[in-house]
Each structure stands twice: as structure tokens, then as C-alpha cells.
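Reviewing the structure listed below.
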Amino acid sequence: MPCPSQNTTDDGCNIQETIIQPLVSEHTLYWLRMILLGCICQPIALFGVTTNVINFLVYIKLGVKEPMNVSLIGLSISDFISCFSQVFFNLFLFPPFMELDLPFRPKGAHYLFAAWPHIVFVKVTTFTTAFITIERCLCVTYPLKVKQIITTKRVTCVIVFFFVLSCALAVPVYYVNYFDWVFSPERNRTLYTLMFREERAEVEGPLFFVIGIFFPTFAFVGMIVSTYILLYKLKQNAKWRQGVTGNSSADAKTEVSSKNQLSSRDAKVTKMVTMISALFLISFTPIMVSTYVMLFSAELKEGGARENLLHLIFYFNYLLETTNASLNIFIYYFMSSNYKKMFMSIFKMKTSKN
């Protein structure tokens, strides 16, 4: 609650000043950063680095003839880099690490060397996941037309474009933020410190809107609509198969020839893509909500009255993004027989005959 304090003017009148008490104190933020980043997010990020290397190797072994494999390779690369940069983000902001006698300021280093690389490649993941979901939605809705348009070469170009676009959007950040040697009185030494150019606010403000609001909103809405259609098609396909089972042999043959039904292979791919999209939507819904809250809140800004709360929201968002980037291996393994076989082959494992 706001805490009023009183000042008295020369004529004896009282003036009410509203002092906003921080919802999250420095002490609380210190321990939450220790727990969230060091104890929870760091193991997940390291797990994500490992699993995405595995995903990349498996899909490279499966080959790039299938457009879907190309998309999943791109997704593995972006998830790997986002998790890898998150490892350094967690390290730089881990309180015991920040207290070391280092030749640089970790709290500044995290911004350019960890936070922004993470943001960039989370955006690649967002674009790629939306593309995979929308592409699969079109494939099951207009199978004959779309499969002739979506080729391996074209999908490769689209995925590369996502990487280039996301990296290009971050270039202005590396112009208005830079590092230089600055003398630190408390350390009595010169430290490598993050510095800002005068036009930083003018550059990063619109960039936040484009990267944090505009593109993610379109991708998010596209995924919601496409996932709904995919779920509807899967439900429709399940009813059709039940109907075929109850029909006579002649009727079944007629039903099987229907162009509107999913083949067994297409149904499996569609289920897998639906799960990938669902995981993304579950993970990113709180992120999107908090982003819109930050957009319209004057207090949730750097230097604002709720700055500590802003940082805490960022930590939770990074945790959700890293979790999303780390869990796809389970979807691939349990929902793709080709992935599972190649995984077993790479690690020389034998499947149970039972």
C-alpha cells in the first residue's frame, strides 16, 4: 500500500507525498535470484543445452529431405543457443558470482553477452514454432496444394530468414550499449563496465515494442488458431476411424479413399506438432500477459517504483522460456517412432521386445 509522508510549506499547509514502497525488497530479490536462477533455472538450462544437441544430431541423421526435419533442426539450434546463453545469464546474476573480485561488472555483462542473445534466439524459436504449426495446419487442411508449395529448399530459406531477421533486430542494441573501462571507487580499480549512448531510450523503446509485442503477438495468435484447427482435425480423424471400424469392408474402402482424412503418418506428425505448439503456448501465455502489463505500467520500468518486481518477472519469464526449450526431446521421443529409432541407434541402445 502507498505510504504517505507529510511536508510543511512556509504557510503551514501540509502537502501529502505518496511514497511507493517496493513490493519486492532488495533482500528478497537477492534470495529469489539465488533460488530461481541458480537452483532451478540453471539445471534446466544445462539440460536444455544437452537435449538440443541430441535433437540436432538425431534430425541431421534422419536427413533433410523432409521439410519438417529442416524446421525441427532449426528449432533445435535456436533452443540450444537460447539455453546456452541462459547458462551465462544465470551465472552472471548468481549472487555469489556477482560478489567475486572480477575485472568486469557481471550485472552489466549479462545484458549484452547473455540476456540479448537469449532474447534473440527465443524469438527464432517463436517464429519457427509458429511456422511449424501453421504449416502443419495448412497441410492437413489443404494437403494436395500445400505439399507442392512447401519444399525442403523453401523451408530452409524460411528458417534461415528467421535467424537473420532476429539477429538484425538486435543490432541497434549493440550500438547504443557498449563496454568501456571505468574506475570503481568501491573496488579502487578500473572495471569493464556497461555504458550507454544518449539515444538508448529512443532505440530500445520501439525495439521492445517490435520484439516483445508486435511479432510475438502475431505468432501467438497464429499458433492458437492453428492448434485449434489441428485439434479439430485430429478429433475428426478419430471419429472417422471409429466409423470405418464399424462399417462393412466395401464401405471401409470407400471411406479410406477419402481425401479429407489424415493418413496414419500424417496423424502422428500432426499430434507431435500439436504437442510442440501446446507446450509453447502453455509456457508463453504468462510471458505474453506480463509483457502487456509492463507495456502499460509506468511503475514496471527500469528505474521505476517497481523495478525489483520487474526483474523478478523477467527471471520467471526466462525460466519459462528455458523450460520450453528443454522439453521438446520428450515429445520427439515418445511421439515419433523415427526419432526414437535413431536416438536408440546413436546411443547404441536396444528397445525392449515386449
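Convention: chains lettered A, B, ... in C-alpha cells order; per-chain residue numbering from 1; ligands numbered from 1 as shown.
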
May I have a table of the residues of range 111-149 of chain A lying at most 8 Å from range 202-219 of chain A, giving each one's closest pair of atoms and their distance in Å to one decimal, counting only C-alpha atoms, ordered by chain and ascending residue number, as a Markdown table?
```
| residue | atom | partner | partner_atom | distance |
| --- | --- | --- | --- | --- |
| A:Lys123 | CA | A:Pro216 | CA | 7.6 |
| A:Thr126 | CA | A:Ala219 | CA | 6.8 |
| A:Phe127 | CA | A:Ala219 | CA | 6.4 |
| A:Ala130 | CA | A:Ala219 | CA | 5.6 |
```

Please provide as a ChimeraX atom specification all residues within 10 Å of range 31-45 of chain A, with the sequence filter that same-chain residues fewer than 2 positions apart are discarded (counting only C-alpha atoms).
-> /A:24,26-29,47-51,79-80,82-96,311-312,315-316,318-327

How about saving the chosen residues, N, CA and C atoms kept, as a CSV table (one decimal), in the first residue's frame?
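The resulting file, again_31.csv, is shown below:
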```csv
chain,number,residue,atom,x,y,z
A,24,VAL,N,8.9,-5.9,-3.8
A,24,VAL,CA,10.0,-6.9,-3.6
A,24,VAL,C,11.2,-6.1,-3.1
A,26,GLU,N,15.2,-5.5,-1.8
A,26,GLU,CA,16.5,-6.0,-2.3
A,26,GLU,C,16.9,-7.3,-1.7
A,27,HIS,N,16.6,-7.5,-0.4
A,27,HIS,CA,17.0,-8.7,0.3
A,27,HIS,C,16.2,-9.9,-0.3
A,28,THR,N,14.9,-9.7,-0.5
A,28,THR,CA,14.0,-10.7,-1.1
A,28,THR,C,14.4,-11.1,-2.5
A,29,LEU,N,14.7,-10.0,-3.3
A,29,LEU,CA,15.2,-10.3,-4.7
A,29,LEU,C,16.5,-11.0,-4.7
A,47,PHE,N,20.4,-28.8,-18.9
A,47,PHE,CA,19.6,-29.9,-19.5
A,47,PHE,C,19.2,-29.6,-21.0
A,48,GLY,N,18.7,-28.4,-21.1
A,48,GLY,CA,18.3,-27.9,-22.5
A,48,GLY,C,19.4,-27.9,-23.5
A,49,VAL,N,20.6,-27.5,-23.0
A,49,VAL,CA,21.8,-27.5,-23.9
A,49,VAL,C,22.1,-28.9,-24.4
A,50,THR,N,22.0,-29.8,-23.5
A,50,THR,CA,22.3,-31.3,-23.8
A,50,THR,C,21.3,-31.8,-24.7
A,51,THR,N,20.0,-31.6,-24.4
A,51,THR,CA,18.9,-32.3,-25.1
A,51,THR,C,18.8,-31.7,-26.6
A,79,ASP,N,16.8,-23.3,-29.9
A,79,ASP,CA,16.7,-23.7,-28.5
A,79,ASP,C,18.0,-23.9,-27.8
A,80,PHE,N,19.0,-24.5,-28.5
A,80,PHE,CA,20.3,-24.7,-28.0
A,80,PHE,C,20.9,-23.4,-27.6
A,82,SER,N,19.5,-20.4,-27.1
A,82,SER,CA,18.8,-19.7,-26.0
A,82,SER,C,19.1,-20.3,-24.7
A,83,CYS,N,19.3,-21.7,-24.6
A,83,CYS,CA,19.6,-22.3,-23.3
A,83,CYS,C,21.1,-22.0,-23.0
A,84,PHE,N,22.0,-22.1,-24.0
A,84,PHE,CA,23.4,-21.8,-23.7
A,84,PHE,C,23.6,-20.4,-23.2
A,85,SER,N,22.9,-19.4,-23.8
A,85,SER,CA,23.1,-18.1,-23.3
A,85,SER,C,22.4,-17.9,-21.9
A,86,GLN,N,21.4,-18.7,-21.6
A,86,GLN,CA,20.7,-18.6,-20.3
A,86,GLN,C,21.7,-19.1,-19.2
A,87,VAL,N,22.5,-20.1,-19.6
A,87,VAL,CA,23.5,-20.6,-18.6
A,87,VAL,C,24.4,-19.4,-18.1
A,88,PHE,N,24.8,-18.6,-19.0
A,88,PHE,CA,25.7,-17.5,-18.6
A,88,PHE,C,24.9,-16.4,-18.0
A,89,PHE,N,23.6,-16.2,-18.4
A,89,PHE,CA,22.7,-15.2,-17.7
A,89,PHE,C,22.6,-15.6,-16.2
A,90,ASN,N,22.3,-16.9,-16.0
A,90,ASN,CA,22.2,-17.4,-14.6
A,90,ASN,C,23.5,-17.2,-13.8
A,91,LEU,N,24.6,-17.5,-14.5
A,91,LEU,CA,25.9,-17.3,-13.8
A,91,LEU,C,26.2,-15.9,-13.4
A,92,PHE,N,26.0,-15.0,-14.4
A,92,PHE,CA,26.4,-13.6,-14.2
A,92,PHE,C,25.5,-12.9,-13.1
A,93,LEU,N,24.3,-13.4,-12.9
A,93,LEU,CA,23.4,-12.8,-11.9
A,93,LEU,C,23.3,-13.7,-10.7
A,94,PHE,N,24.1,-14.7,-10.6
A,94,PHE,CA,24.1,-15.6,-9.4
A,94,PHE,C,24.8,-14.8,-8.3
A,95,PRO,N,24.2,-14.4,-7.2
A,95,PRO,CA,24.8,-13.6,-6.2
A,95,PRO,C,26.2,-13.9,-5.7
A,96,PRO,N,26.5,-15.1,-5.4
A,96,PRO,CA,27.9,-15.4,-5.1
A,96,PRO,C,28.9,-15.1,-6.2
A,311,HIS,N,12.3,-7.0,-12.4
A,311,HIS,CA,13.4,-8.0,-12.5
A,311,HIS,C,12.9,-9.4,-12.2
A,312,LEU,N,12.1,-9.5,-11.2
A,312,LEU,CA,11.6,-10.8,-10.8
A,312,LEU,C,10.7,-11.4,-11.9
A,315,TYR,N,12.9,-12.8,-14.5
A,315,TYR,CA,13.5,-14.1,-14.1
A,315,TYR,C,12.5,-15.3,-14.3
A,316,PHE,N,11.3,-15.1,-13.9
A,316,PHE,CA,10.2,-16.1,-14.1
A,316,PHE,C,10.0,-16.3,-15.6
A,318,TYR,N,12.2,-15.9,-18.1
A,318,TYR,CA,13.4,-16.6,-18.6
A,318,TYR,C,13.3,-18.1,-18.2
A,319,LEU,N,12.8,-18.4,-17.0
A,319,LEU,CA,12.7,-19.8,-16.5
A,319,LEU,C,11.7,-20.5,-17.4
A,320,LEU,N,10.5,-19.8,-17.8
A,320,LEU,CA,9.5,-20.5,-18.6
A,320,LEU,C,10.1,-20.7,-20.0
A,321,GLU,N,10.8,-19.7,-20.6
A,321,GLU,CA,11.3,-19.9,-21.9
A,321,GLU,C,12.4,-21.0,-22.0
A,322,THR,N,13.2,-21.1,-20.9
A,322,THR,CA,14.2,-22.1,-20.9
A,322,THR,C,13.6,-23.5,-20.7
A,323,THR,N,12.5,-23.6,-19.9
A,323,THR,CA,11.8,-24.9,-19.8
A,323,THR,C,11.2,-25.3,-21.1
A,324,ASN,N,10.6,-24.4,-21.8
A,324,ASN,CA,10.0,-24.7,-23.1
A,324,ASN,C,11.1,-25.2,-24.1
A,325,ALA,N,12.3,-24.6,-24.1
A,325,ALA,CA,13.3,-25.0,-25.0
A,325,ALA,C,14.0,-26.3,-24.6
A,326,SER,N,13.7,-26.8,-23.4
A,326,SER,CA,14.4,-28.0,-22.9
A,326,SER,C,13.6,-29.3,-23.0
A,327,LEU,N,12.3,-29.2,-23.2
A,327,LEU,CA,11.4,-30.3,-23.0
A,327,LEU,C,10.9,-31.0,-24.3
```

Which of A:Ile276, A:Leu112, A:Val146, A:Val122 sits closest to Leu194 in chain A [using only C-alpha atoms] = A:Leu112

DSSP says strand (DSSP E or B) for which residues of range 29-225 of chain A? Put them as a PyMOL selection string?
-> chain A and resi 104+177-184+189-196

Expected file contents, prior selection, all heavy atoms, as a short mmCIF file (atom, residue, chain, number, x, y, z; two decimals), in the first residue's frame:
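Result written to result10.cif:
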```
data_model
loop_
_atom_site.label_atom_id
_atom_site.label_comp_id
_atom_site.auth_asym_id
_atom_site.auth_seq_id
_atom_site.Cartn_x
_atom_site.Cartn_y
_atom_site.Cartn_z
N PHE A 104 35.38 -7.22 -14.32
CA PHE A 104 34.22 -6.65 -15.02
C PHE A 104 33.02 -6.70 -14.09
O PHE A 104 33.02 -7.39 -13.08
CB PHE A 104 33.93 -7.41 -16.32
CG PHE A 104 33.57 -8.86 -16.11
CD1 PHE A 104 32.24 -9.24 -15.96
CD2 PHE A 104 34.55 -9.84 -16.04
CE1 PHE A 104 31.89 -10.57 -15.77
CE2 PHE A 104 34.22 -11.17 -15.84
CZ PHE A 104 32.89 -11.53 -15.71
N ASN A 177 24.49 0.27 -26.61
CA ASN A 177 25.11 -0.25 -25.39
C ASN A 177 26.51 -0.74 -25.74
O ASN A 177 26.70 -1.45 -26.73
CB ASN A 177 24.30 -1.43 -24.83
CG ASN A 177 22.89 -1.03 -24.44
OD1 ASN A 177 22.63 -0.56 -23.35
ND2 ASN A 177 21.95 -1.24 -25.37
N TYR A 178 27.46 -0.38 -24.92
CA TYR A 178 28.83 -0.80 -25.20
C TYR A 178 29.60 -0.93 -23.88
O TYR A 178 29.10 -0.52 -22.82
CB TYR A 178 29.53 0.21 -26.12
CG TYR A 178 29.72 1.58 -25.52
CD1 TYR A 178 30.93 1.95 -24.94
CD2 TYR A 178 28.68 2.50 -25.53
CE1 TYR A 178 31.10 3.20 -24.38
CE2 TYR A 178 28.84 3.76 -24.98
CZ TYR A 178 30.05 4.11 -24.39
OH TYR A 178 30.21 5.35 -23.83
N PHE A 179 30.80 -1.50 -23.94
CA PHE A 179 31.62 -1.67 -22.74
C PHE A 179 32.84 -0.77 -22.81
O PHE A 179 33.42 -0.54 -23.87
CB PHE A 179 32.06 -3.13 -22.59
CG PHE A 179 31.00 -4.01 -22.02
CD1 PHE A 179 30.07 -4.63 -22.84
CD2 PHE A 179 30.91 -4.21 -20.65
CE1 PHE A 179 29.09 -5.44 -22.31
CE2 PHE A 179 29.92 -5.01 -20.11
CZ PHE A 179 29.01 -5.62 -20.94
N ASP A 180 33.22 -0.27 -21.63
CA ASP A 180 34.42 0.55 -21.54
C ASP A 180 35.00 0.39 -20.13
O ASP A 180 34.32 -0.06 -19.20
CB ASP A 180 34.08 2.02 -21.80
CG ASP A 180 35.30 2.82 -22.25
OD1 ASP A 180 36.41 2.25 -22.22
OD2 ASP A 180 35.13 3.99 -22.61
N TRP A 181 36.26 0.79 -19.98
CA TRP A 181 36.92 0.70 -18.68
C TRP A 181 36.55 1.93 -17.86
O TRP A 181 36.73 3.06 -18.29
CB TRP A 181 38.44 0.62 -18.85
CG TRP A 181 38.87 -0.66 -19.50
CD1 TRP A 181 39.19 -0.87 -20.81
CD2 TRP A 181 39.00 -1.93 -18.86
NE1 TRP A 181 39.52 -2.18 -21.03
CE2 TRP A 181 39.42 -2.87 -19.84
CE3 TRP A 181 38.82 -2.39 -17.55
CZ2 TRP A 181 39.64 -4.20 -19.57
CZ3 TRP A 181 39.04 -3.72 -17.26
CH2 TRP A 181 39.45 -4.61 -18.26
N VAL A 182 36.01 1.69 -16.66
CA VAL A 182 35.56 2.76 -15.76
C VAL A 182 36.14 2.51 -14.37
O VAL A 182 36.10 1.38 -13.88
CB VAL A 182 34.02 2.82 -15.70
CG1 VAL A 182 33.57 3.89 -14.71
CG2 VAL A 182 33.43 3.08 -17.08
N PHE A 183 36.63 3.57 -13.75
CA PHE A 183 37.19 3.43 -12.41
C PHE A 183 36.07 3.24 -11.39
O PHE A 183 35.07 3.98 -11.39
CB PHE A 183 38.03 4.65 -12.03
CG PHE A 183 38.63 4.55 -10.66
CD1 PHE A 183 39.73 3.74 -10.43
CD2 PHE A 183 38.07 5.26 -9.61
CE1 PHE A 183 40.27 3.64 -9.15
CE2 PHE A 183 38.62 5.18 -8.33
CZ PHE A 183 39.72 4.36 -8.11
N SER A 184 36.23 2.25 -10.51
CA SER A 184 35.25 1.96 -9.47
C SER A 184 35.83 2.35 -8.11
O SER A 184 36.78 1.71 -7.63
CB SER A 184 34.90 0.47 -9.47
OG SER A 184 34.10 0.13 -8.35
N ARG A 189 39.65 0.19 -8.37
CA ARG A 189 40.28 -0.34 -9.57
C ARG A 189 39.40 -0.04 -10.78
O ARG A 189 38.22 0.34 -10.64
CB ARG A 189 40.51 -1.86 -9.46
CG ARG A 189 39.22 -2.65 -9.27
CD ARG A 189 39.45 -4.13 -9.07
NE ARG A 189 40.05 -4.74 -10.24
CZ ARG A 189 40.12 -6.05 -10.41
NH1 ARG A 189 39.67 -6.88 -9.48
NH2 ARG A 189 40.66 -6.55 -11.49
N THR A 190 39.96 -0.20 -11.96
CA THR A 190 39.20 0.01 -13.19
C THR A 190 38.51 -1.28 -13.60
O THR A 190 39.14 -2.34 -13.64
CB THR A 190 40.13 0.49 -14.32
OG1 THR A 190 40.80 1.67 -13.90
CG2 THR A 190 39.34 0.79 -15.57
N LEU A 191 37.21 -1.19 -13.89
CA LEU A 191 36.41 -2.37 -14.26
C LEU A 191 35.81 -2.18 -15.65
O LEU A 191 35.48 -1.06 -16.05
CB LEU A 191 35.28 -2.59 -13.25
CG LEU A 191 35.68 -2.84 -11.79
CD1 LEU A 191 34.43 -2.97 -10.93
CD2 LEU A 191 36.54 -4.09 -11.66
N TYR A 192 35.65 -3.29 -16.34
CA TYR A 192 35.00 -3.29 -17.65
C TYR A 192 33.50 -3.17 -17.40
O TYR A 192 32.87 -4.08 -16.83
CB TYR A 192 35.34 -4.57 -18.39
CG TYR A 192 35.31 -4.45 -19.89
CD1 TYR A 192 35.90 -3.37 -20.55
CD2 TYR A 192 34.72 -5.43 -20.68
CE1 TYR A 192 35.90 -3.27 -21.92
CE2 TYR A 192 34.71 -5.35 -22.06
CZ TYR A 192 35.30 -4.26 -22.67
OH TYR A 192 35.29 -4.16 -24.05
N THR A 193 32.89 -2.05 -17.80
CA THR A 193 31.53 -1.71 -17.38
C THR A 193 30.64 -1.40 -18.57
O THR A 193 31.10 -0.82 -19.56
CB THR A 193 31.58 -0.49 -16.44
OG1 THR A 193 32.47 -0.75 -15.37
CG2 THR A 193 30.19 -0.17 -15.89
N LEU A 194 29.38 -1.78 -18.45
CA LEU A 194 28.40 -1.48 -19.49
C LEU A 194 28.11 0.01 -19.51
O LEU A 194 27.80 0.61 -18.48
CB LEU A 194 27.11 -2.26 -19.25
CG LEU A 194 25.98 -2.06 -20.26
CD1 LEU A 194 26.38 -2.62 -21.62
CD2 LEU A 194 24.69 -2.73 -19.77
N MET A 195 28.19 0.59 -20.70
CA MET A 195 27.93 2.02 -20.87
C MET A 195 26.80 2.21 -21.89
O MET A 195 26.53 1.31 -22.70
CB MET A 195 29.19 2.74 -21.37
CG MET A 195 30.41 2.53 -20.50
SD MET A 195 30.25 3.31 -18.88
CE MET A 195 30.38 5.03 -19.35
N PHE A 196 26.15 3.39 -21.84
CA PHE A 196 25.01 3.67 -22.72
C PHE A 196 25.26 4.94 -23.52
O PHE A 196 25.84 5.90 -23.02
CB PHE A 196 23.73 3.86 -21.90
CG PHE A 196 23.51 2.83 -20.83
CD1 PHE A 196 23.43 3.19 -19.50
CD2 PHE A 196 23.38 1.50 -21.18
CE1 PHE A 196 23.23 2.24 -18.52
CE2 PHE A 196 23.18 0.54 -20.21
CZ PHE A 196 23.10 0.90 -18.87
#
```

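Counting from CA of Leu165 in chain A, the distance to CA of Phe121 in chain A is 10.5 Å.
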
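Of the residues under consideration (A:Val273, A:Ala170, A:Ile224, A:Val140), A:Val273 shows the shortest atom-to-atom contact distance to Asn69 in chain A when counting only C-alpha atoms.
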
If you count only C-alpha atoms, which residues fall within 12 Å of Glu66 in chain A, apart from same-chain ones fewer than 6 positions away, as a list in words?
-> Tyr59, Ile60, Leu72, Ile73, Lys147, Ile150, Thr151, Thr152, Lys153, Arg154, Val155, Thr156 and Val269 of chain A

Do you know which residues are at most 12 Å from Tyr339 in chain A counting only C-alpha atoms, after dropping those on the same chain fewer than 6 positions away, and could you put them as an MDAnalysis selection string?
-> chainID A and resid 54:63 69 72 269 272 328:333 345:346

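The two atoms in question, CA of Ile132 in chain A and CA of Trp116 in chain A, are spaced 24.2 Å apart.
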
Find the spatial neighbours of range 286-300 of chain A, counting only C-alpha atoms, within a cut-off of 6 Å - ignore same-chain residues fewer than 5 positions away - and output them as JSON, numbers by chain.
-> {"A": [305, 306, 307, 310, 317]}

Among range 5-125 of chain A, which residues carry a DSSP assignment of helix (DSSP H, G or I), reported as a VMD selection string?
-> chain A and resid 26 to 62 67 to 92 95 to 98 106 to 125

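Counting from CA of Phe284 in chain A, the distance to CA of Lys301 in chain A is 20.7 Å.
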
Counting only C-alpha atoms, which of A:Gly222, A:Pro117, A:Pro172, A:Pro103 gets nearest to Asn188 in chain A?
-> A:Pro103

Within 10 Å of Gln148 in chain A, counting only C-alpha atoms, which residues show up once you throw out same-chain ones fewer than 4 positions away? Write them as a PyMOL selection string, please.
-> chain A and resi 139+143-144

Only all heavy atoms, please: the residues just picked out, written as a PDB file, in the first residue's frame.
```
ATOM      1  N   CYS A 139      -1.251 -28.133 -44.137  1.00  0.00           N
ATOM      2  CA  CYS A 139      -1.062 -29.459 -44.747  1.00  0.00           C
ATOM      3  C   CYS A 139      -2.268 -30.368 -44.530  1.00  0.00           C
ATOM      4  O   CYS A 139      -2.642 -31.130 -45.421  1.00  0.00           O
ATOM      5  CB  CYS A 139       0.196 -30.127 -44.194  1.00  0.00           C
ATOM      6  SG  CYS A 139       1.730 -29.561 -44.984  1.00  0.00           S
ATOM      7  N   PRO A 143      -4.140 -30.562 -48.192  1.00  0.00           N
ATOM      8  CA  PRO A 143      -2.967 -31.432 -48.364  1.00  0.00           C
ATOM      9  C   PRO A 143      -2.377 -31.440 -49.772  1.00  0.00           C
ATOM     10  O   PRO A 143      -1.158 -31.420 -49.930  1.00  0.00           O
ATOM     11  CB  PRO A 143      -3.493 -32.815 -47.974  1.00  0.00           C
ATOM     12  CG  PRO A 143      -4.981 -32.724 -48.129  1.00  0.00           C
ATOM     13  CD  PRO A 143      -5.330 -31.317 -47.794  1.00  0.00           C
ATOM     14  N   LEU A 144      -3.201 -31.456 -50.781  1.00  0.00           N
ATOM     15  CA  LEU A 144      -2.697 -31.568 -52.152  1.00  0.00           C
ATOM     16  C   LEU A 144      -2.013 -30.284 -52.610  1.00  0.00           C
ATOM     17  O   LEU A 144      -1.002 -30.325 -53.320  1.00  0.00           O
ATOM     18  CB  LEU A 144      -3.836 -31.931 -53.103  1.00  0.00           C
ATOM     19  CG  LEU A 144      -4.514 -33.281 -52.839  1.00  0.00           C
ATOM     20  CD1 LEU A 144      -5.631 -33.515 -53.851  1.00  0.00           C
ATOM     21  CD2 LEU A 144      -3.500 -34.414 -52.891  1.00  0.00           C
TER      22      LEU A 144
END
```
